[in-house]
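Asks: Just dropping this structure here.
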Amino acid sequence: MKSVAFSYAPAHEIGDAQAALGHDGIKLVSGGQSLGPMLNLRLVRPSGLVDVSGVEALRQVVETDGAVRYGAAITHAEIEDGLVPDATGHWLRYAASRIAYRAVRNRGTLGGSLAHADPAADWVIVMTTLYATALVHRPGVGEVRIPMEDFVTGAFRTALGPQDVLAAIEVPRPGKTASWGYWKYTHQEGEFAKASAAVFVDSDTTRCRIAVGALGRQPVLLREPDSVISGAVSPSQALGDALPDMSAADLRLHAIALAKALEQRS
Ligand SMILES: Cc1cc2nc3c(=O)[nH]c(=O)nc-3n(C[C@H](O)[C@H](O)[C@H](O)COP(=O)(O)OP(=O)(O)OC[C@H]3O[C@@H](n4cnc5c(N)ncnc54)[C@H](O)[C@@H]3O)c2cc1C
């Protein structure tokens with residue numbers, strides 16, 4: 001099947017995209033790696049696409065002492081290849097390399113992935129564990145800061161309003177002793193996760209998170225991550241408490257993902 005006919009226009013500034021979103025049937029496109037297949041399957045039938053992948057403000061990377069701000073149109077491949085600084089040392093590069101396969105990573109963008117909010121997407125869980133913040137441009141308001149755990153509100157649902165543009169993602173620099181681990185289970189290399197888990201511990205900032213992903217909803221943050229990290233509570237116990245309705249098979253798969261993420265912490 002092919003998509004319905006639609007108009008196409010590149011945006012030059014964030015304001016162009018916001019103005020276009022004020023018209024019925026207009027959708028933003030960035031890398032097109034999620035939207036493209038949906039268009040072809042006619043799951044979405046926009047009257048027009050506005051391409052934000054070339055908007056200068058969405059292509060910027062800004063470093064400060066405490067964080068790195070990545071423009072939403074930075075691609076997975078640019079992060080994987082180290083063409084932009086990695087706020088975490090090397091963790092973002094690793095996460096990017098785990099997404100799909102190279103052709104998808106060449107076009108797919110950080111912002112497109114988060115705005116799409118697939119429950120099994122890598123950036124959704126990775127950015128949640130790393131205490132990242134979505135920087136959203138809202139007409140009449142300006143820049144709104146939304147912590148990642150509040151940005152993704154469900155399966156393919158976000159806190160973006162009808163004319164909002166996700167402008168950037170700010171990733172805090174972890175302390176020197178911080179450690180992180182991420183593991184996803186896939187049937188085949190390059191696929192979306194069937195189960196995923198990420199662990200972050202930063203004694204310098206006393207930040208500590210365990211997120212479980214690929215649940216058909218936004219990632220779940222475990223309430224008492226320290227007890228799992230110390231070994232006082234096992235991954236299956238913790239997941240059984242946090243997700244009592246999960247099937248035994250899913251629980252086992254996610255417990256394996258969490259155990260592997262704990263093992264991989266570096
Ligand atoms: C075969 C295949 C395998 C894949 N495997 C994985 C995988 O293993 N892991 C994974 O994480 N992902 C995977 N993906 C998805 C991929 O990572 C996409 O790049 C990503 O989900 C979407 O990014 P995009 O830039 O292509 O967004 P697009 O497809 O262009 O847009 C996606 C959505 O975001 C909206 N949008 C885009 N930019 C903005 C913005 N700045 N502000 C507001 N809304 C915006 C669009 O309107 C659209 O609704 C896979 C994709 C394919 C085709």
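Ligands are numbered from 1 in the order shown, residues from 1 within each chain, and chains are lettered A, B, ... in the order they appear in the structure tokens.
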Listing only residues of chain A within 6 Å of ligand 1, what is the closest atom pair and its distance in Å (to one decimal) for each, using only C-alpha atoms and all ligand atoms, sorted by chain and residue number ascending, as a tab-separated table?

Replies:
```
residue	atom	partner	partner_atom_place_in_ligand_line	distance
A:Lys27	CA	ligand 1	47 (O)	5.0
A:Leu28	CA	ligand 1	47 (O)	3.8
A:Val29	CA	ligand 1	30 (O)	3.8
A:Ser30	CA	ligand 1	30 (O)	3.5
A:Gly31	CA	ligand 1	25 (O)	3.4
A:Gly32	CA	ligand 1	30 (O)	3.4
A:Gln33	CA	ligand 1	26 (O)	3.4
A:Ser34	CA	ligand 1	29 (O)	3.5
A:Leu35	CA	ligand 1	29 (O)	3.7
A:Ala72	CA	ligand 1	41 (N)	5.3
A:Ile99	CA	ligand 1	9 (N)	4.1
A:Ala100	CA	ligand 1	5 (N)	3.7
A:Val104	CA	ligand 1	52 (C)	5.8
A:Gly108	CA	ligand 1	19 (O)	3.0
A:Thr109	CA	ligand 1	25 (O)	3.6
A:Gly111	CA	ligand 1	41 (N)	5.2
A:Gly112	CA	ligand 1	27 (O)	3.5
A:Ser113	CA	ligand 1	21 (O)	3.6
A:Ala115	CA	ligand 1	34 (O)	4.4
A:His116	CA	ligand 1	33 (C)	4.1
A:Ala121	CA	ligand 1	11 (O)	3.2
A:Asp122	CA	ligand 1	11 (O)	3.9
A:Trp123	CA	ligand 1	11 (O)	5.8
A:Val165	CA	ligand 1	42 (N)	3.8
A:Leu166	CA	ligand 1	42 (N)	3.7
A:Ala167	CA	ligand 1	41 (N)	5.6
A:Gly190	CA	ligand 1	8 (O)	5.4
A:Glu191	CA	ligand 1	8 (O)	4.4
A:Phe192	CA	ligand 1	8 (O)	3.6
```

Asks: Tell me, as a ChimeraX atom specification, which residues lie within 8 Å of Ile210 in chain A, counting only C-alpha atoms; anything in the same chain fewer than 5 positions away does not count.

Replies: /A:129,197-200,221-222,225

Asks: Take the residues just selected and output them with N, CA and C atoms as a tab-separated table (two decimals), in the first residue's frame.

Replies:
```tsv
chain	number	residue	atom	x	y	z
A	129	THR	N	16.08	7.00	32.34
A	129	THR	CA	17.02	6.65	33.43
A	129	THR	C	18.07	7.72	33.63
A	197	ALA	N	15.67	-2.98	30.17
A	197	ALA	CA	15.87	-2.40	31.50
A	197	ALA	C	17.12	-1.54	31.47
A	198	ALA	N	17.11	-0.49	32.27
A	198	ALA	CA	18.28	0.39	32.38
A	198	ALA	C	18.45	0.78	33.84
A	199	VAL	N	19.71	0.87	34.26
A	199	VAL	CA	20.05	1.14	35.65
A	199	VAL	C	21.04	2.30	35.68
A	200	PHE	N	20.80	3.27	36.55
A	200	PHE	CA	21.70	4.42	36.67
A	200	PHE	C	21.93	4.71	38.15
A	221	LEU	N	9.43	3.21	36.47
A	221	LEU	CA	10.58	3.44	37.35
A	221	LEU	C	10.33	2.69	38.65
A	222	LEU	N	11.28	1.83	39.03
A	222	LEU	CA	11.09	1.07	40.27
A	222	LEU	C	11.17	2.02	41.46
A	225	PRO	N	14.98	1.55	43.92
A	225	PRO	CA	16.04	0.96	43.10
A	225	PRO	C	17.26	0.53	43.92
```

Asks: Would you kindly return, as a list in words, each protein, DNA or RNA residue with an atom no farther than 12 Å from any atom of range 63-65 of chain A, considering only C-alpha atoms and excluding same-chain residues fewer than 4 positions away?

Replies: Arg69, Tyr70, Gly71, Val84, Pro85, Asp86, Ala87, Ile169, Glu170, Val171, Pro172, Arg173, Pro174 and Gly175 of chain A

Asks: Convert the current residue selection to file output with N, CA and C atoms, as a PDB file, in the first residue's frame.

Replies:
```pdb
ATOM      1  N   ARG A  69      22.872  19.756  25.670  1.00  0.00           N
ATOM      2  CA  ARG A  69      21.538  19.924  25.091  1.00  0.00           C
ATOM      3  C   ARG A  69      21.605  19.514  23.616  1.00  0.00           C
ATOM      4  N   TYR A  70      20.873  18.469  23.279  1.00  0.00           N
ATOM      5  CA  TYR A  70      20.901  17.926  21.912  1.00  0.00           C
ATOM      6  C   TYR A  70      19.675  18.400  21.153  1.00  0.00           C
ATOM      7  N   GLY A  71      19.877  19.054  20.024  1.00  0.00           N
ATOM      8  CA  GLY A  71      18.757  19.437  19.172  1.00  0.00           C
ATOM      9  C   GLY A  71      17.973  18.194  18.773  1.00  0.00           C
ATOM     10  N   VAL A  84      28.767  14.219  17.813  1.00  0.00           N
ATOM     11  CA  VAL A  84      28.334  15.191  18.829  1.00  0.00           C
ATOM     12  C   VAL A  84      28.871  14.676  20.167  1.00  0.00           C
ATOM     13  N   PRO A  85      29.158  15.592  21.111  1.00  0.00           N
ATOM     14  CA  PRO A  85      29.703  15.139  22.391  1.00  0.00           C
ATOM     15  C   PRO A  85      28.712  14.257  23.151  1.00  0.00           C
ATOM     16  N   ASP A  86      29.239  13.268  23.839  1.00  0.00           N
ATOM     17  CA  ASP A  86      28.390  12.380  24.639  1.00  0.00           C
ATOM     18  C   ASP A  86      28.429  12.858  26.085  1.00  0.00           C
ATOM     19  N   ALA A  87      27.296  13.374  26.586  1.00  0.00           N
ATOM     20  CA  ALA A  87      27.221  13.924  27.946  1.00  0.00           C
ATOM     21  C   ALA A  87      27.637  12.901  28.991  1.00  0.00           C
ATOM     22  N   ILE A 169      16.747  17.938  23.759  1.00  0.00           N
ATOM     23  CA  ILE A 169      16.742  17.045  24.921  1.00  0.00           C
ATOM     24  C   ILE A 169      18.009  17.367  25.693  1.00  0.00           C
ATOM     25  N   GLU A 170      17.819  17.670  26.970  1.00  0.00           N
ATOM     26  CA  GLU A 170      18.978  18.026  27.801  1.00  0.00           C
ATOM     27  C   GLU A 170      19.351  16.826  28.670  1.00  0.00           C
ATOM     28  N   VAL A 171      20.612  16.436  28.558  1.00  0.00           N
ATOM     29  CA  VAL A 171      21.085  15.278  29.320  1.00  0.00           C
ATOM     30  C   VAL A 171      22.101  15.769  30.343  1.00  0.00           C
ATOM     31  N   PRO A 172      21.820  15.602  31.652  1.00  0.00           N
ATOM     32  CA  PRO A 172      22.790  16.056  32.652  1.00  0.00           C
ATOM     33  C   PRO A 172      24.063  15.220  32.598  1.00  0.00           C
ATOM     34  N   ARG A 173      25.191  15.867  32.868  1.00  0.00           N
ATOM     35  CA  ARG A 173      26.442  15.093  32.928  1.00  0.00           C
ATOM     36  C   ARG A 173      26.463  14.329  34.247  1.00  0.00           C
ATOM     37  N   PRO A 174      26.703  13.027  34.189  1.00  0.00           N
ATOM     38  CA  PRO A 174      26.760  12.270  35.438  1.00  0.00           C
ATOM     39  C   PRO A 174      28.063  12.560  36.198  1.00  0.00           C
ATOM     40  N   GLY A 175      28.070  12.263  37.500  1.00  0.00           N
ATOM     41  CA  GLY A 175      29.288  12.433  38.295  1.00  0.00           C
ATOM     42  C   GLY A 175      30.356  11.420  37.893  1.00  0.00           C
TER      43      GLY A 175
END
```

Asks: For range 245-259 of chain A, list every protein, DNA or RNA residue within 8 Å, evaluated using only C-alpha atoms, and leave out those in the same chain fewer than 2 positions away; present the list as a list in words.

Replies: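 Contacts, with the query itself left out: Trp183, Lys184, Tyr185, Ala195, Ser196, Ala197, Ala198, Val199, Val212, Pro235, Ser236, Leu239, Gly240, Leu243, Ala261, Leu262 and Glu263 of chain A.
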
Asks: With N, CA and C atoms retained, export the selected residues as a short mmCIF file (atom, residue, chain, number, x, y, z; two decimals), in the first residue's frame.

Replies:
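To be explicit, this is the file written out as out_5.cif:
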```cif
data_model
loop_
_atom_site.label_atom_id
_atom_site.label_comp_id
_atom_site.auth_asym_id
_atom_site.auth_seq_id
_atom_site.Cartn_x
_atom_site.Cartn_y
_atom_site.Cartn_z
N TRP A 183 20.16 -2.99 28.90
CA TRP A 183 20.08 -4.26 28.16
C TRP A 183 18.69 -4.42 27.57
N LYS A 184 18.64 -4.85 26.33
CA LYS A 184 17.32 -5.11 25.73
C LYS A 184 17.33 -6.49 25.07
N TYR A 185 16.21 -7.15 25.22
CA TYR A 185 16.05 -8.45 24.58
C TYR A 185 15.32 -8.26 23.26
N ALA A 195 11.82 -6.80 25.72
CA ALA A 195 11.94 -6.46 27.14
C ALA A 195 13.20 -5.62 27.27
N SER A 196 13.18 -4.63 28.15
CA SER A 196 14.38 -3.82 28.33
C SER A 196 14.45 -3.29 29.75
N ALA A 197 15.67 -2.98 30.17
CA ALA A 197 15.87 -2.40 31.50
C ALA A 197 17.12 -1.54 31.47
N ALA A 198 17.11 -0.49 32.27
CA ALA A 198 18.28 0.39 32.38
C ALA A 198 18.45 0.78 33.84
N VAL A 199 19.71 0.87 34.26
CA VAL A 199 20.05 1.14 35.65
C VAL A 199 21.04 2.30 35.68
N VAL A 212 12.20 0.04 33.63
CA VAL A 212 11.89 -1.16 32.87
C VAL A 212 11.05 -0.72 31.67
N PRO A 235 15.76 -9.01 41.02
CA PRO A 235 15.02 -8.42 39.90
C PRO A 235 13.59 -8.97 39.79
N SER A 236 13.42 -10.30 39.93
CA SER A 236 12.05 -10.82 39.77
C SER A 236 11.14 -10.38 40.91
N LEU A 239 10.24 -6.70 40.20
CA LEU A 239 9.31 -6.54 39.08
C LEU A 239 7.94 -7.11 39.41
N GLY A 240 7.91 -8.19 40.18
CA GLY A 240 6.63 -8.77 40.60
C GLY A 240 5.85 -7.76 41.44
N LEU A 243 4.91 -4.68 38.98
CA LEU A 243 4.02 -4.99 37.85
C LEU A 243 3.26 -6.28 38.14
N ALA A 261 21.17 -5.80 32.80
CA ALA A 261 21.51 -4.37 32.90
C ALA A 261 22.33 -4.11 34.16
N LEU A 262 21.99 -4.79 35.25
CA LEU A 262 22.76 -4.63 36.51
C LEU A 262 24.18 -5.12 36.31
N GLU A 263 24.30 -6.27 35.64
CA GLU A 263 25.62 -6.87 35.37
C GLU A 263 26.48 -5.95 34.52
#
```

Asks: Could you list, as a VMD selection string, every residue within 8 Å of Val124 in chain A, counting only C-alpha atoms and ignoring same-chain residues fewer than 3 positions away?

Replies: chain A and resid 113 to 114 117 to 121 127 to 128 148 152 218 to 219

Asks: Need to verify the contact set: Met1 in chain A, 9 Å, only C-alpha atoms, exclusion of same-chain residues closer than 3 positions in sequence. Can you return it as a ChimeraX atom specification?

Replies: /A:40-42

Asks: Selection from above, N, CA and C atoms, as a compact mmCIF listing (two decimals), in the first residue's frame, can you write it?

Replies:
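And here's result.txt as it stands now:
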```txt
# COMPACT_ATOMS: atom_id res chain seq x y z
N ASN A 40 2.72 4.67 4.76
CA ASN A 40 2.52 3.63 3.75
C ASN A 40 1.40 2.66 4.13
N LEU A 41 1.26 2.43 5.43
CA LEU A 41 0.18 1.55 5.90
C LEU A 41 -1.14 2.31 6.07
N ARG A 42 -1.09 3.60 5.78
CA ARG A 42 -2.26 4.50 5.93
C ARG A 42 -2.79 4.53 7.36
```

Asks: Find the residues near Val50 in chain A: any atom within 10 Å, counting only C-alpha atoms, skip ones fewer than 3 places away on the same chain, and give them as an MDAnalysis selection string.

Replies: chainID A and resid 7:12 16:18 20:21 26:30 53

Asks: Identify which of the residues A:Val136, A:Ile14, A:Trp91, A:Ala77 lies closest to Val55 in chain A, counting only C-alpha atoms when measuring atom-to-atom distances.

Replies: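 Counting only C-alpha atoms, the residue closest to Val55 in chain A is A:Ile14.
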
Asks: Please extract the residues of range 24-230 of chain A with a backbone DSSP assignment of strand (DSSP E) and present them as a PyMOL selection string.

Replies: chain A and resi 26-29+48-51+61-63+67-71+133-138+142-147+152-154+157-158+165-172+179-185+195-202+207-213+220-221

Asks: Calculated over only C-alpha atoms, which of the candidates A:Arg223, A:Arg45, A:Arg209, A:His137 has the smallest distance to Phe6 in chain A?

Replies: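 Using only C-alpha atoms, Phe6 in chain A sits closest to A:Arg45.
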
Asks: Nearest to Gly54 in chain A among A:Gly36, A:Thr206, A:Glu13, A:Leu83, with distances taken over only C-alpha atoms: which residue is it?

Replies: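 Smallest distance to Gly54 in chain A is found for A:Glu13.
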
Asks: Based on the backbone DSSP call, show me all residues of range 113-245 of chain A assigned alpha helix (DSSP H), as a VMD selection string.

Replies: chain A and resid 113 to 116 122 to 129 148 to 151 225 to 230 235 to 242

Asks: Could you work out how far CA of Val201 in chain A lies from CA of Ala178 in chain A, giving the answer in Å with one decimal?

Replies: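 CA of Val201 in chain A lies 5.5 Å from CA of Ala178 in chain A.
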
Asks: Smallest atom-to-atom distance to Gly22 in chain A: which of A:Gln163, A:Ala211, A:Ser179, A:His187, using only C-alpha atoms?

Replies: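 Looking at the shortest contact to Gly22 in chain A, the residue is A:Gln163.
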
Asks: Nearest residue to Asp150 in chain A out of A:Ala214, A:Cys208, A:Val220, A:Ala168, using only C-alpha atoms?

Replies: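 Ranked by minimum distance to Asp150 in chain A, first place goes to A:Val220.
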